[in-house]
Each structure stands twice: as C-alpha cells, then as structure tokens.
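Here the structure comes first, spelled out in structure tokens, and everything after it is commentary.
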Amino acid sequence: MDRVLLQGFEWYLPEDASHWKRLGERAADLKKAGITDVWMPPAYKGANGCQDVGYGVYDLYDLGEFEQKGSIATKYGTKEEYLQAIAALHREGIEVVADIVLNHKMGADGCENVRVEAVNETNRNQIIGRDEISAWTTFCFPGRNRKYSDFCWNHTHFDGVDWDDRKKRHQIFQFEGKEWDGEVDTENGNYDYLMGADLDMNNSEVVEELKRWGEWYIQMTDIDGVRLDAVKHICFTFFTDWLSCLRQRTGRELWAVGEYWSPKLESLLHYIEKSGEVMSLFDVPLHFHFMQASVGNGNFDMSKIFEGTLTQAKPNLAVTFVDNHDTQPGQALQSWVEPWFKPLAYALILLRKEGTPCVFYGDYYGIPHDGILPMQNVIDRLLKVRKEMDDAGQQDYLDDPNIIGWVRKQNERCCAVVMSDSVGGTKKMLVGEAFLGQRFADVLGNCKEEVEIGADGYGTFPVEGGSVSVWKAI
C-alpha cells in the first residue's frame, strides 16, 4: 500500500515531556486508521530545554539523556521514551520519519570575539558596515561531557549570527573571510542565513561531523526516513551528498522529504533538479491553493486547484498537506486553511492517486490552545476509502470553477468524489456499466439521498454548497 504520513505533533503540545508516550500508545489506532508513517518532532535538546519545540537546536546528540538547558527530558520526553515510541510504532508496521534540523545551532555555551561584516537584512549580499562583535558560537556541551562525540563547535564552523552580545544589538553579521552558501534561495538576495549561528556548509569539518552524527543517529534510533528542515537555506547540493553518504553507510533506503517553503513551483523544481531528486518536497503551492480557496468566498477556480503545483508537475516527489506546525494560527508562516474547507482539502490529498499525503496532528486531534476541534472522524472515513481504492484508476472531472469531481475504480471497487467551494449542485460522472442499477451513498453523510447508476454507466452525484461527498456502492 502507498504511503500515508502523519505529522505527529503541532506547535502547542503540552510541555509535559509525555508526547513520546502518547505517540507510542496511539500506534495501534494509527495503524488501524491507515497511517503508514509518522513524522516525529525534533528529538534533540533545544536552546530552551523542555520548552523548546525542537527547532532551536542546541545538542544533536542529546535525545533527552543529559542534564542540559535546565532539564534531562526534551519537551517530548526522554531518550528512552523516544526509543520506546519508535519501537511501538515499528511493532505495528509503521515507519518513523525523524525531523532533522541542520541549518543552525542556538543556545551556545560561550562567546567569541569575531570580525564581521554587517549586511542589509533585505539584501544579504550588501555589506553595510564592518566591526568586531561578541558572538555566541562556542558549543562544547559540558552536560554531555563528550559522550558520543568530542566535537566542539567554534566560530570557524559558522558563517554568521544575528546578535552582538557586546553591544546587545540585533543585526545579521557575516563572519569576516566567510561567504554565504552560493546555491540557496534568492529571497533577500541570498537566503542562507535564517537564525541562530548559521552552519558553514563549506567547512569540511562541519560536513564530516554532520555525516558522523547522521550515521550515529540512524543506528541509535532505528528511524526509517527523514524530514529535512529549511532546505532552501542550505546549499542545494548538501543533502545530495549527506543523504547519499548515509544511505550507503547504513544500507537503508532512508526516504526523505524536504521543507522548501515557497509558493513558487519553479523554485521547487529548481531545487529538485540541483539536488539530483534525492528527496521529495512538500507541495507548498498546493497548500496555498487550499488556503486561498478557503477564504475565496466561492470565487476560487476549483478547476485549477492543481495548476502550478508540485503534485501536477512531479507527483512522485510531491508530499501533499493541508496545514502544519508552521501554518497553524499564531505561527511565523500562518496561512491556516479555514475549517469549512478542510474536508475538501483532505479529500483532495487522500482520495487521489497523485502525491504522498501528510495528515496534520492538529487537524486529526485538534489544537486545544486555539479551541480547534479534531476532525479525526472525517479523516478516518477518508483514510478508509483510500485503503479500499489503493491501486484504483482515476478519471477526472475537474471541469468547473465551482463543482469538481473524480472517479476511482478497479474491478468491483469504485468511489465517486464531488465537491463545491460555492453553491451546491450535481456532477454527472461515469462509473461504468459494471455498476448498472447499483445504488451509491455518501460515506461522509453530507448528502442523505442515494444515487442510482443508469444504464449508460453514469451517475449524477449531488453535493451540498461548500461541501464534499464521497459516493460508494451500498
């Protein structure tokens, strides 16, 4: 069966160091629902200790094992609980995808005096001044005391920071004698620098240490794949080399998906080409189509929902999603898909053959922090239909600006999906003469009537306004 990924967290999970336990306990239910892979949040110690969501990376080797940054456990639990959760998922046949954050480090153990060039924040190629600053760039991890690795980081392993501790000021500083990575996203002139102490991927010591760590991490945790954070800020060929090395050293397939946050399809395709197609990418353009449709008051052209998306251009490398931890309310990339459109969006990623769908934890289980209710019931029904239509063919009826549909069928199995972002109506679609006279019902329960398939093999399938119906033979 094809892959269905669950993003196994949202931003505002309780800071109770219990999430690894929760995921392990839910393994059997997730398997039953049709989840094949779980993307787990960053497992290593962050600069804010047990309050860090995981992207403020401090020590990659501390998986909740050492007293560092005010705690032994991470926000999600201890190393032992992490390994137990992975084992529990594996027992159910669910593969584990680890969140890998290699762009930057934060929460350094000490400062160094470094000569720098201050750069224009909106054009990082423009130097606006030179100075000497006090930079947080020393990482020796005293709490770990060199267990697993004796590598200590200093300013030579980074190419920039955004804080001068001497004058207590924010500014993007490029270290003297360094250059930003050349092949990165061109936003802000050069988007190598994102946050914290930016790793210098032109430094051979850095590259070799990251390979050593990657091999250690895979062997230690027994993960099956990786979600790669912030790839647009890292030299486009870095992961080509890193993934190839780890796949060779470990003998694992190591499925990978990268986060290249851009609504521009051409940017995603450029990255795929430059990185040698070593990973899938999240279909960010499709996410923005969902968001725009959800706030479009029925004026979004649904016949073009896939136009200009990675799902259309490179379906085998597209990971489709509705929302994630960055797009949820209150976050830096907030672009939340309105609740009424969520069932339509999930039908569009779960009930079609193109792309690898990713279900968001905050949609599945809800987000109590913002009073967002779970839609597990709807997603589970869609997942059930997906399993039944596993290898079925697909006939599209994406031919109307408001009401679109498609049919999936294989021998005696068939489903017809119809949706509208505006007023209700019907869509006449061919299911085949094999279903002549059979009656179809909406498994989502949004339409109560039944549809009988005519002598010509067609059915006229209704849909309510701003809704989706999934029709199956009774």
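Chain labels run A, B, ... following the order of the structure tokens; each chain numbers its residues from 1, and ligands are numbered from 1 in the order shown.
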Selection: 7 Å around Gly437 (chain A), only C-alpha atoms, excl. self and same-chain fewer than 5 positions, as a PDB file with all heavy atoms, in the first residue's frame:
```pdb
ATOM      1  N   GLU A 452     -28.623   6.257  -8.071  1.00  0.00           N
ATOM      2  CA  GLU A 452     -28.672   5.006  -8.827  1.00  0.00           C
ATOM      3  C   GLU A 452     -27.918   5.184 -10.146  1.00  0.00           C
ATOM      4  O   GLU A 452     -28.115   6.172 -10.863  1.00  0.00           O
ATOM      5  CB  GLU A 452     -30.117   4.594  -9.101  1.00  0.00           C
ATOM      6  CG  GLU A 452     -30.218   3.243  -9.809  1.00  0.00           C
ATOM      7  CD  GLU A 452     -31.642   2.749  -9.940  1.00  0.00           C
ATOM      8  OE1 GLU A 452     -32.513   3.193  -9.159  1.00  0.00           O
ATOM      9  OE2 GLU A 452     -31.887   1.903 -10.837  1.00  0.00           O
ATOM     10  N   ILE A 453     -27.079   4.223 -10.469  1.00  0.00           N
ATOM     11  CA  ILE A 453     -26.289   4.279 -11.693  1.00  0.00           C
ATOM     12  C   ILE A 453     -27.168   3.870 -12.877  1.00  0.00           C
ATOM     13  O   ILE A 453     -27.838   2.838 -12.847  1.00  0.00           O
ATOM     14  CB  ILE A 453     -25.057   3.359 -11.609  1.00  0.00           C
ATOM     15  CG1 ILE A 453     -24.243   3.697 -10.354  1.00  0.00           C
ATOM     16  CG2 ILE A 453     -24.197   3.504 -12.866  1.00  0.00           C
ATOM     17  CD1 ILE A 453     -23.805   5.139 -10.239  1.00  0.00           C
ATOM     18  N   GLY A 454     -27.163   4.709 -13.927  1.00  0.00           N
ATOM     19  CA  GLY A 454     -28.018   4.483 -15.080  1.00  0.00           C
ATOM     20  C   GLY A 454     -27.491   3.397 -15.999  1.00  0.00           C
ATOM     21  O   GLY A 454     -26.385   2.867 -15.828  1.00  0.00           O
TER      22      GLY A 454
END
```
*So which residues touch region 180-189 of chain A within 8 Å, counting only C-alpha atoms, skipping near sequence neighbours fewer than 2 positions away, as JSON, numbers by chain?*
{"A": [121, 122, 123, 124, 125, 159, 174, 178, 191, 192, 193, 200, 201, 202, 232, 233, 234, 235, 236, 237, 267]}
*asked:* I'd like the interatomic distance between CA of Thr311 (chain A) and CA of Met389 (chain A), to a tenth of an Å.
replied: 18.8 Å
Would you kindly return, as a PDB file with C-alpha atoms, in the first residue's frame, each protein, DNA or RNA residue with an atom no farther than 12 Å from any atom of Tyr82 (chain A), considering only C-alpha atoms and excluding same-chain residues fewer than 3 positions away?
```pdb
ATOM      1  CA  ALA A  17       7.580  15.572  28.472  1.00  0.00           C
ATOM      2  CA  SER A  18       4.914  12.953  27.670  1.00  0.00           C
ATOM      3  CA  HIS A  19       4.477  13.123  23.911  1.00  0.00           C
ATOM      4  CA  TRP A  20       6.695  10.154  23.082  1.00  0.00           C
ATOM      5  CA  LYS A  21       4.467   8.073  25.355  1.00  0.00           C
ATOM      6  CA  ARG A  22       1.335   9.420  23.656  1.00  0.00           C
ATOM      7  CA  LEU A  23       2.584   8.506  20.192  1.00  0.00           C
ATOM      8  CA  GLY A  24       3.606   5.026  21.305  1.00  0.00           C
ATOM      9  CA  MET A  40       8.082  12.741  14.803  1.00  0.00           C
ATOM     10  CA  PRO A  41       9.222  16.200  16.001  1.00  0.00           C
ATOM     11  CA  PRO A  42      12.912  17.063  16.559  1.00  0.00           C
ATOM     12  CA  ALA A  43      14.127  14.759  19.302  1.00  0.00           C
ATOM     13  CA  TYR A  44      17.283  16.578  20.422  1.00  0.00           C
ATOM     14  CA  ASP A  62      21.267  14.819  23.440  1.00  0.00           C
ATOM     15  CA  LEU A  63      17.988  12.996  22.814  1.00  0.00           C
ATOM     16  CA  GLY A  64      16.773  13.613  26.334  1.00  0.00           C
ATOM     17  CA  GLU A  65      19.622  11.913  28.148  1.00  0.00           C
ATOM     18  CA  ALA A  73      13.980  15.429  29.062  1.00  0.00           C
ATOM     19  CA  THR A  74      13.092  17.397  25.951  1.00  0.00           C
ATOM     20  CA  LYS A  75       9.587  18.820  25.536  1.00  0.00           C
ATOM     21  CA  TYR A  76       8.513  15.377  24.366  1.00  0.00           C
ATOM     22  CA  GLY A  77      10.241  13.103  26.877  1.00  0.00           C
ATOM     23  CA  THR A  78      13.467  11.228  27.490  1.00  0.00           C
ATOM     24  CA  LYS A  79      15.719   9.345  25.107  1.00  0.00           C
ATOM     25  CA  ALA A  85       7.849   5.087  20.962  1.00  0.00           C
ATOM     26  CA  ILE A  86       9.772   4.214  17.788  1.00  0.00           C
ATOM     27  CA  ALA A  87       9.722   0.541  18.768  1.00  0.00           C
ATOM     28  CA  ALA A  88       5.968   0.690  19.445  1.00  0.00           C
ATOM     29  CA  LEU A  89       5.313   2.202  16.011  1.00  0.00           C
ATOM     30  CA  VAL A  96       9.236   6.541  11.589  1.00  0.00           C
ATOM     31  CA  ALA A  98      12.649  11.924  12.038  1.00  0.00           C
ATOM     32  CA  MET A 220      20.901   4.667  17.645  1.00  0.00           C
ATOM     33  CA  THR A 221      17.222   5.280  16.912  1.00  0.00           C
ATOM     34  CA  ASP A 222      16.391   2.854  14.070  1.00  0.00           C
ATOM     35  CA  ILE A 223      14.462   5.537  12.154  1.00  0.00           C
TER      36      ILE A 223
END
```
*Close residues, Val443 (chain A) itself excluded, 8 Å, only C-alpha atoms, min 3 positions apart in chain, as a list in words*: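 Here the qualifying residues turn out to be Arg381, Ser469, Val470, Trp471 and Lys472 of chain A.
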Residues just named, written with C-alpha atoms as a PDB file, in the first residue's frame:
```pdb
ATOM      1  CA  ARG A 381     -13.542   7.885   6.850  1.00  0.00           C
ATOM      2  CA  SER A 469     -19.410  13.987  -0.770  1.00  0.00           C
ATOM      3  CA  VAL A 470     -17.727  10.636  -1.305  1.00  0.00           C
ATOM      4  CA  TRP A 471     -20.053   8.176  -3.015  1.00  0.00           C
ATOM      5  CA  LYS A 472     -19.661   4.402  -2.772  1.00  0.00           C
TER       6      LYS A 472
END
```
_Using DSSP secondary structure from the backbone, list all helix (DSSP H, G or I) positions within region 94-258 of chain A, as number ranges by chain._
A: 155-157, 204-221, 231-233, 238-250
With N, CA, C and O atoms retained, export the selected residues as a tab-separated table (two decimals), in the first residue's frame.
```
chain	number	residue	atom	x	y	z
A	155	HIS	N	33.57	29.56	16.19
A	155	HIS	CA	33.12	30.48	15.15
A	155	HIS	C	33.57	30.08	13.75
A	155	HIS	O	32.93	30.44	12.76
A	156	THR	N	34.63	29.28	13.63
A	156	THR	CA	35.09	28.86	12.30
A	156	THR	C	34.11	27.90	11.63
A	156	THR	O	34.17	27.69	10.42
A	157	HIS	N	33.21	27.32	12.43
A	157	HIS	CA	32.24	26.35	11.90
A	157	HIS	C	30.93	27.01	11.47
A	157	HIS	O	30.00	26.33	11.01
A	204	SER	N	34.72	21.69	5.72
A	204	SER	CA	34.79	20.23	5.65
A	204	SER	C	34.61	19.58	7.02
A	204	SER	O	34.06	18.47	7.12
A	205	GLU	N	35.08	20.25	8.08
A	205	GLU	CA	34.89	19.69	9.43
A	205	GLU	C	33.41	19.61	9.78
A	205	GLU	O	32.96	18.64	10.40
A	206	VAL	N	32.66	20.63	9.41
A	206	VAL	CA	31.21	20.65	9.66
A	206	VAL	C	30.54	19.52	8.90
A	206	VAL	O	29.74	18.76	9.46
A	207	VAL	N	30.84	19.39	7.63
A	207	VAL	CA	30.21	18.37	6.79
A	207	VAL	C	30.49	16.97	7.33
A	207	VAL	O	29.59	16.13	7.43
A	208	GLU	N	31.74	16.71	7.70
A	208	GLU	CA	32.09	15.39	8.20
A	208	GLU	C	31.42	15.10	9.55
A	208	GLU	O	31.00	13.97	9.81
A	209	GLU	N	31.33	16.11	10.42
A	209	GLU	CA	30.67	15.90	11.71
A	209	GLU	C	29.19	15.62	11.52
A	209	GLU	O	28.62	14.76	12.20
A	210	LEU	N	28.55	16.30	10.59
A	210	LEU	CA	27.13	16.05	10.33
A	210	LEU	C	26.90	14.66	9.75
A	210	LEU	O	25.88	14.03	10.03
A	211	LYS	N	27.83	14.16	8.98
A	211	LYS	CA	27.72	12.79	8.48
A	211	LYS	C	27.92	11.79	9.61
A	211	LYS	O	27.18	10.79	9.71
A	212	ARG	N	28.89	12.04	10.47
A	212	ARG	CA	29.11	11.15	11.63
A	212	ARG	C	27.88	11.12	12.51
A	212	ARG	O	27.44	10.06	12.96
A	213	TRP	N	27.34	12.33	12.77
A	213	TRP	CA	26.15	12.38	13.61
A	213	TRP	C	24.99	11.65	12.95
A	213	TRP	O	24.27	10.89	13.62
A	214	GLY	N	24.78	11.86	11.64
A	214	GLY	CA	23.67	11.21	10.95
A	214	GLY	C	23.74	9.70	11.04
A	214	GLY	O	22.73	9.04	11.30
A	215	GLU	N	24.93	9.15	10.85
A	215	GLU	CA	25.10	7.71	10.95
A	215	GLU	C	24.81	7.24	12.36
A	215	GLU	O	24.12	6.23	12.58
A	216	TRP	N	25.35	7.97	13.35
A	216	TRP	CA	25.10	7.62	14.76
A	216	TRP	C	23.60	7.65	15.06
A	216	TRP	O	23.05	6.74	15.69
A	217	TYR	N	22.93	8.69	14.60
A	217	TYR	CA	21.51	8.88	14.91
A	217	TYR	C	20.65	7.77	14.33
A	217	TYR	O	19.76	7.23	15.00
A	218	ILE	N	20.94	7.41	13.09
A	218	ILE	CA	20.15	6.34	12.45
A	218	ILE	C	20.36	5.01	13.16
A	218	ILE	O	19.40	4.28	13.43
A	219	GLN	N	21.61	4.70	13.49
A	219	GLN	CA	21.90	3.44	14.17
A	219	GLN	C	21.33	3.43	15.59
A	219	GLN	O	20.84	2.40	16.07
A	220	MET	N	21.38	4.58	16.26
A	220	MET	CA	20.90	4.67	17.65
A	220	MET	C	19.38	4.54	17.73
A	220	MET	O	18.85	3.89	18.63
A	221	THR	N	18.67	5.16	16.79
A	221	THR	CA	17.22	5.28	16.91
A	221	THR	C	16.44	4.29	16.06
A	221	THR	O	15.27	4.05	16.32
A	231	VAL	N	15.39	23.50	3.89
A	231	VAL	CA	16.38	23.16	2.86
A	231	VAL	C	16.69	24.33	1.93
A	231	VAL	O	17.76	24.37	1.31
A	232	LYS	N	15.79	25.32	1.83
A	232	LYS	CA	16.06	26.46	0.94
A	232	LYS	C	17.17	27.35	1.47
A	232	LYS	O	17.71	28.17	0.73
A	233	HIS	N	17.53	27.18	2.75
A	233	HIS	CA	18.57	27.99	3.37
A	233	HIS	C	19.93	27.29	3.40
A	233	HIS	O	20.89	27.83	3.94
A	238	PHE	N	24.04	20.08	-0.61
A	238	PHE	CA	24.49	19.49	0.65
A	238	PHE	C	23.79	18.17	0.92
A	238	PHE	O	24.42	17.15	1.24
A	239	PHE	N	22.45	18.15	0.83
A	239	PHE	CA	21.72	16.93	1.17
A	239	PHE	C	21.89	15.85	0.10
A	239	PHE	O	21.69	14.67	0.39
A	240	THR	N	22.26	16.25	-1.12
A	240	THR	CA	22.59	15.25	-2.14
A	240	THR	C	23.72	14.37	-1.62
A	240	THR	O	23.66	13.14	-1.70
A	241	ASP	N	24.74	15.01	-1.09
A	241	ASP	CA	25.91	14.31	-0.56
A	241	ASP	C	25.58	13.62	0.76
A	241	ASP	O	25.92	12.46	0.98
A	242	TRP	N	24.89	14.34	1.66
A	242	TRP	CA	24.61	13.83	3.01
A	242	TRP	C	23.73	12.58	2.95
A	242	TRP	O	24.03	11.56	3.58
A	243	LEU	N	22.66	12.65	2.17
A	243	LEU	CA	21.76	11.50	2.08
A	243	LEU	C	22.43	10.32	1.39
A	243	LEU	O	22.28	9.17	1.83
A	244	SER	N	23.17	10.59	0.33
A	244	SER	CA	23.87	9.51	-0.38
A	244	SER	C	24.85	8.81	0.55
A	244	SER	O	24.92	7.57	0.56
A	245	CYS	N	25.57	9.59	1.33
A	245	CYS	CA	26.54	9.02	2.27
A	245	CYS	C	25.85	8.14	3.31
A	245	CYS	O	26.27	7.00	3.55
A	246	LEU	N	24.77	8.64	3.90
A	246	LEU	CA	24.10	7.88	4.96
A	246	LEU	C	23.40	6.64	4.42
A	246	LEU	O	23.37	5.60	5.08
A	247	ARG	N	22.83	6.75	3.24
A	247	ARG	CA	22.19	5.57	2.64
A	247	ARG	C	23.23	4.49	2.37
A	247	ARG	O	22.96	3.30	2.56
A	248	GLN	N	24.40	4.90	1.95
A	248	GLN	CA	25.46	3.94	1.67
A	248	GLN	C	26.00	3.34	2.96
A	248	GLN	O	26.19	2.12	3.06
A	249	ARG	N	26.25	4.18	3.96
A	249	ARG	CA	26.85	3.70	5.21
A	249	ARG	C	25.91	2.81	5.99
A	249	ARG	O	26.35	1.86	6.65
A	250	THR	N	24.60	3.10	5.95
A	250	THR	CA	23.65	2.35	6.78
A	250	THR	C	22.94	1.24	6.01
A	250	THR	O	22.31	0.37	6.62
```
Taking the DSSP assignment computed from this structure's backbone, write out as a short mmCIF file (atom, residue, chain, number, x, y, z; two decimals) with N, CA and C atoms, in the first residue's frame all residues of region 55-299 of chain A that belong to strand (DSSP E or B).
```cif
data_model
loop_
_atom_site.label_atom_id
_atom_site.label_comp_id
_atom_site.auth_asym_id
_atom_site.auth_seq_id
_atom_site.Cartn_x
_atom_site.Cartn_y
_atom_site.Cartn_z
N VAL A 57 17.91 24.24 17.82
CA VAL A 57 18.80 23.11 18.10
C VAL A 57 20.02 23.53 18.92
N TYR A 58 20.24 22.82 20.01
CA TYR A 58 21.45 23.02 20.82
C TYR A 58 22.40 21.84 20.63
N ASP A 59 22.01 20.64 21.06
CA ASP A 59 22.90 19.48 21.01
C ASP A 59 22.22 18.33 20.29
N GLN A 68 20.96 19.23 30.56
CA GLN A 68 21.41 20.39 29.79
C GLN A 68 20.22 21.31 29.54
N SER A 71 17.11 20.77 31.95
CA SER A 71 16.33 19.53 32.07
C SER A 71 17.08 18.37 31.44
N THR A 74 13.50 16.35 26.88
CA THR A 74 13.09 17.40 25.95
C THR A 74 11.61 17.68 26.20
N GLY A 77 9.92 14.23 26.01
CA GLY A 77 10.24 13.10 26.88
C GLY A 77 11.73 12.80 26.88
N GLU A 95 6.36 3.07 9.85
CA GLU A 95 7.72 3.59 9.73
C GLU A 95 7.82 4.97 10.39
N VAL A 96 9.01 5.30 10.85
CA VAL A 96 9.24 6.54 11.59
C VAL A 96 10.10 7.49 10.76
N VAL A 97 9.62 8.71 10.62
CA VAL A 97 10.33 9.77 9.90
C VAL A 97 10.78 10.80 10.92
N ALA A 98 12.08 11.01 11.03
CA ALA A 98 12.65 11.92 12.04
C ALA A 98 12.82 13.32 11.46
N ASP A 99 12.56 14.33 12.26
CA ASP A 99 12.73 15.72 11.86
C ASP A 99 14.19 16.11 12.06
N ILE A 100 14.86 16.48 10.97
CA ILE A 100 16.29 16.77 11.00
C ILE A 100 16.50 18.26 10.75
N HIS A 104 21.19 25.43 11.62
CA HIS A 104 21.69 26.37 12.61
C HIS A 104 21.80 25.71 13.98
N LYS A 105 22.50 26.39 14.88
CA LYS A 105 22.56 25.98 16.28
C LYS A 105 22.24 27.20 17.14
N GLY A 110 29.25 29.58 25.10
CA GLY A 110 30.13 30.71 25.32
C GLY A 110 30.26 31.60 24.10
N CYS A 111 30.86 32.79 24.31
CA CYS A 111 31.04 33.78 23.24
C CYS A 111 32.48 33.80 22.75
N GLU A 112 32.63 34.30 21.52
CA GLU A 112 33.95 34.56 20.95
C GLU A 112 33.92 35.94 20.30
N ASN A 113 35.07 36.60 20.29
CA ASN A 113 35.21 37.85 19.55
C ASN A 113 35.48 37.53 18.09
N VAL A 114 34.66 38.06 17.20
CA VAL A 114 34.75 37.72 15.79
C VAL A 114 34.64 38.99 14.95
N ARG A 115 35.53 39.13 13.97
CA ARG A 115 35.42 40.22 13.00
C ARG A 115 34.29 39.88 12.02
N VAL A 116 33.44 40.88 11.75
CA VAL A 116 32.25 40.62 10.95
C VAL A 116 32.01 41.74 9.95
N GLU A 117 31.15 41.42 9.00
CA GLU A 117 30.60 42.40 8.07
C GLU A 117 29.09 42.41 8.27
N ALA A 118 28.55 43.55 8.71
CA ALA A 118 27.11 43.68 8.84
C ALA A 118 26.50 43.75 7.45
N VAL A 119 25.37 43.04 7.24
CA VAL A 119 24.75 43.03 5.92
C VAL A 119 23.32 43.55 5.99
N ASN A 120 22.85 44.03 4.87
CA ASN A 120 21.48 44.51 4.73
C ASN A 120 20.53 43.33 4.87
N ASN A 123 18.89 42.47 1.67
CA ASN A 123 19.82 42.10 0.61
C ASN A 123 21.12 41.67 1.26
N ARG A 124 21.21 40.38 1.59
CA ARG A 124 22.34 39.87 2.36
C ARG A 124 23.66 39.96 1.61
N ASN A 125 23.61 40.29 0.31
CA ASN A 125 24.83 40.45 -0.47
C ASN A 125 25.43 41.85 -0.31
N GLN A 126 24.68 42.74 0.34
CA GLN A 126 25.13 44.12 0.51
C GLN A 126 25.74 44.33 1.89
N ILE A 127 27.02 44.69 1.92
CA ILE A 127 27.71 44.96 3.19
C ILE A 127 27.43 46.41 3.59
N ILE A 128 27.01 46.61 4.84
CA ILE A 128 26.69 47.97 5.29
C ILE A 128 27.60 48.43 6.43
N GLY A 129 28.57 47.61 6.80
CA GLY A 129 29.50 48.02 7.85
C GLY A 129 30.39 46.87 8.28
N ARG A 130 31.50 47.23 8.96
CA ARG A 130 32.43 46.22 9.48
C ARG A 130 32.67 46.50 10.94
N ASP A 131 32.89 45.42 11.73
CA ASP A 131 33.01 45.59 13.17
C ASP A 131 33.61 44.32 13.77
N GLU A 132 33.83 44.35 15.08
CA GLU A 132 34.13 43.16 15.84
C GLU A 132 33.03 42.99 16.86
N ILE A 133 32.47 41.79 16.93
CA ILE A 133 31.36 41.54 17.85
C ILE A 133 31.70 40.40 18.79
N SER A 134 30.84 40.25 19.79
CA SER A 134 30.90 39.09 20.68
C SER A 134 29.79 38.15 20.26
N ALA A 135 30.16 37.01 19.69
CA ALA A 135 29.19 36.10 19.10
C ALA A 135 29.07 34.82 19.91
N TRP A 136 27.84 34.35 20.10
CA TRP A 136 27.59 33.08 20.80
C TRP A 136 27.85 31.93 19.82
N THR A 137 29.07 31.43 19.82
CA THR A 137 29.48 30.43 18.83
C THR A 137 30.26 29.25 19.42
N THR A 138 30.41 29.20 20.73
CA THR A 138 31.14 28.09 21.36
C THR A 138 30.15 27.05 21.88
N PHE A 139 30.24 25.86 21.34
CA PHE A 139 29.37 24.76 21.77
C PHE A 139 30.25 23.57 22.14
N TRP A 153 32.24 23.00 18.77
CA TRP A 153 31.99 23.99 17.72
C TRP A 153 32.54 25.35 18.14
N PHE A 158 30.85 28.33 11.62
CA PHE A 158 29.65 29.08 11.26
C PHE A 158 30.02 30.20 10.30
N ASP A 159 29.03 30.71 9.58
CA ASP A 159 29.33 31.84 8.70
C ASP A 159 28.58 33.11 9.08
N GLY A 160 27.74 33.06 10.13
CA GLY A 160 27.07 34.28 10.55
C GLY A 160 26.16 34.08 11.74
N VAL A 161 25.82 35.19 12.38
CA VAL A 161 24.89 35.24 13.50
C VAL A 161 24.03 36.49 13.35
N ASP A 162 23.07 36.67 14.26
CA ASP A 162 22.25 37.88 14.19
C ASP A 162 22.20 38.62 15.54
N TRP A 163 23.23 38.38 16.38
CA TRP A 163 23.24 39.03 17.68
C TRP A 163 24.67 39.35 18.09
N ASP A 164 24.89 40.59 18.49
CA ASP A 164 26.17 41.04 19.05
C ASP A 164 25.99 41.20 20.54
N ARG A 169 22.80 44.04 20.42
CA ARG A 169 22.04 44.51 19.26
C ARG A 169 21.79 43.37 18.27
N HIS A 170 20.63 43.48 17.61
CA HIS A 170 20.26 42.55 16.56
C HIS A 170 20.69 43.12 15.21
N GLN A 171 21.33 42.29 14.44
CA GLN A 171 21.78 42.64 13.10
C GLN A 171 22.33 41.36 12.48
N ILE A 172 22.15 41.16 11.20
CA ILE A 172 22.75 39.99 10.57
C ILE A 172 24.20 40.30 10.26
N PHE A 173 25.08 39.46 10.82
CA PHE A 173 26.52 39.63 10.65
C PHE A 173 27.09 38.42 9.91
N GLN A 174 27.83 38.69 8.85
CA GLN A 174 28.58 37.64 8.17
C GLN A 174 30.02 37.68 8.67
N PHE A 175 30.54 36.52 9.05
CA PHE A 175 31.90 36.49 9.60
C PHE A 175 32.92 36.84 8.52
N ALA A 197 23.20 30.58 15.05
CA ALA A 197 24.54 30.51 14.47
C ALA A 197 24.43 29.62 13.24
N ASP A 198 24.62 30.22 12.07
CA ASP A 198 24.38 29.54 10.80
C ASP A 198 25.56 28.64 10.43
N LEU A 199 25.28 27.33 10.26
CA LEU A 199 26.35 26.39 9.95
C LEU A 199 26.98 26.70 8.59
N GLY A 225 13.17 7.15 7.95
CA GLY A 225 13.21 8.25 6.99
C GLY A 225 13.45 9.56 7.69
N VAL A 226 13.56 10.63 6.89
CA VAL A 226 13.86 11.93 7.46
C VAL A 226 13.01 13.02 6.82
N ARG A 227 12.61 13.97 7.64
CA ARG A 227 12.02 15.22 7.16
C ARG A 227 13.10 16.28 7.38
N LEU A 228 13.51 16.95 6.31
CA LEU A 228 14.64 17.86 6.34
C LEU A 228 14.16 19.30 6.41
N TRP A 255 13.96 7.11 3.18
CA TRP A 255 13.04 8.02 2.48
C TRP A 255 13.17 9.41 3.07
N ALA A 256 13.13 10.44 2.21
CA ALA A 256 13.35 11.80 2.68
C ALA A 256 12.36 12.76 2.04
N VAL A 257 11.91 13.73 2.83
CA VAL A 257 11.09 14.83 2.32
C VAL A 257 11.66 16.13 2.85
N GLY A 258 11.81 17.11 1.97
CA GLY A 258 12.38 18.39 2.36
C GLY A 258 11.33 19.48 2.47
N SER A 280 11.77 13.92 -1.75
CA SER A 280 10.51 14.55 -2.10
C SER A 280 10.49 15.95 -1.48
N LEU A 281 9.51 16.76 -1.88
CA LEU A 281 9.32 18.07 -1.26
C LEU A 281 7.85 18.24 -0.90
N PHE A 282 7.59 19.00 0.16
CA PHE A 282 6.21 19.35 0.49
C PHE A 282 5.66 20.26 -0.61
#
```
